[in-house]
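> Dropping a structure here in structure tokens format, bear with me for questions.
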Amino acid sequence: QVQLVESGGGLVQPGGSLRLSCAVSGSIFRLYTMGWYRQAPGKHRELVASITSAGDTNYYDSVKGRFTISRDNTKTTMYLQMNSLKSEDTAVYYCNSVGALQWAWGQGTQVTVSS
């Protein structure tokens, strides 16, 4: 069974940076397009960035130019570098595959952007 463990969140001031990590158990990770999702209070979970097994990336408009998604298939780990953070980026961030087949969601990691 694939397990997803997110880490790296925290409290940061507007304009600051954080790097999130997603550790995935199982080498099957390398076969899937993976994504970072976020859910703000009272809102639906949304996909903010994705990366294919070959490394092609795609970003939600509101994070383009500020967030960078990457992956290390040898470590079965995915990352999200977040720069120039804004208050509207405050949310719980999750990782999972993108598409019809998704694994059980992890606990997520809280990102709070506030002065």
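Just remember, in the structure tokens the first chain shown is A, the second B, etc., residues are 1-based per chain, and ligands are 1-based in the order shown.
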So that I can see what lies close to region 45-56 of chain A, please list as number ranges by chain the residues with an atom at most 10 Å from it, counting only C-alpha atoms and leaving out residues fewer than 4 positions away in the same chain.

A: 29-41, 60-64, 67-73, 78, 80, 91-98

> With C-alpha atoms retained, write the just-selected residues as a PDB file, in the first residue's frame.


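So out.pdb came out as:
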```pdb
ATOM      1  CA  PHE A  29       5.982   6.469  -7.623  1.00  0.00           C
ATOM      2  CA  ARG A  30       8.221   6.848 -10.665  1.00  0.00           C
ATOM      3  CA  LEU A  31       5.441   5.740 -13.010  1.00  0.00           C
ATOM      4  CA  TYR A  32       2.899   8.360 -12.054  1.00  0.00           C
ATOM      5  CA  THR A  33       2.205  11.977 -12.746  1.00  0.00           C
ATOM      6  CA  MET A  34       2.255  13.540  -9.293  1.00  0.00           C
ATOM      7  CA  GLY A  35       0.733  16.726  -7.983  1.00  0.00           C
ATOM      8  CA  TRP A  36       0.665  19.131  -5.088  1.00  0.00           C
ATOM      9  CA  TYR A  37      -2.792  20.063  -3.916  1.00  0.00           C
ATOM     10  CA  ARG A  38      -3.959  22.535  -1.316  1.00  0.00           C
ATOM     11  CA  GLN A  39      -7.092  23.125   0.677  1.00  0.00           C
ATOM     12  CA  ALA A  40      -7.836  26.425   2.348  1.00  0.00           C
ATOM     13  CA  PRO A  41     -10.463  26.713   5.101  1.00  0.00           C
ATOM     14  CA  TYR A  60      -2.074  26.711 -11.518  1.00  0.00           C
ATOM     15  CA  ASP A  61      -2.120  30.305 -12.765  1.00  0.00           C
ATOM     16  CA  SER A  62      -1.963  31.862  -9.311  1.00  0.00           C
ATOM     17  CA  VAL A  63       1.349  30.146  -8.468  1.00  0.00           C
ATOM     18  CA  LYS A  64       3.139  30.396 -11.809  1.00  0.00           C
ATOM     19  CA  PHE A  67       6.298  27.803  -7.112  1.00  0.00           C
ATOM     20  CA  THR A  68       8.557  25.113  -8.551  1.00  0.00           C
ATOM     21  CA  ILE A  69       7.677  21.427  -8.463  1.00  0.00           C
ATOM     22  CA  SER A  70      10.342  18.749  -8.774  1.00  0.00           C
ATOM     23  CA  ARG A  71      10.817  15.076  -8.097  1.00  0.00           C
ATOM     24  CA  ASP A  72      13.566  12.586  -7.368  1.00  0.00           C
ATOM     25  CA  ASN A  73      12.465   9.176  -8.588  1.00  0.00           C
ATOM     26  CA  MET A  78       8.572  15.098  -4.630  1.00  0.00           C
ATOM     27  CA  LEU A  80       7.492  22.077  -3.926  1.00  0.00           C
ATOM     28  CA  ALA A  91      -3.706  26.201   3.231  1.00  0.00           C
ATOM     29  CA  VAL A  92      -3.001  22.595   4.044  1.00  0.00           C
ATOM     30  CA  TYR A  93      -0.845  21.172   1.274  1.00  0.00           C
ATOM     31  CA  TYR A  94      -1.148  17.566   0.134  1.00  0.00           C
ATOM     32  CA  CYS A  95       0.500  15.395  -2.467  1.00  0.00           C
ATOM     33  CA  ASN A  96      -1.009  12.617  -4.524  1.00  0.00           C
ATOM     34  CA  SER A  97      -1.047  11.229  -8.011  1.00  0.00           C
ATOM     35  CA  VAL A  98      -2.930  13.115 -10.713  1.00  0.00           C
TER      36      VAL A  98
END
```

> Compare A:Gly108, A:Leu101, A:Thr74, A:Ser17 by their minimum atom-to-atom distance to Val5 (chain A), counting only C-alpha atoms, and give me the closest one.

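The answer is A:Gly108, which sits nearest to Val5 (chain A).
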
> DSSP on the backbone, then: every residue of chain A marked strand (DSSP E), written as a PyMOL selection string.

chain A and resi 4-7+10-12+18-24+34-39+46-51+57-59+67-72+77-82+91-97+109-113

> At what distance in Å, to one decimal, does CA of Thr109 (chain A) lie from CA of Leu4 (chain A)?

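Between CA of Leu4 (chain A) and CA of Thr109 (chain A) the gap works out to 11.3 Å.
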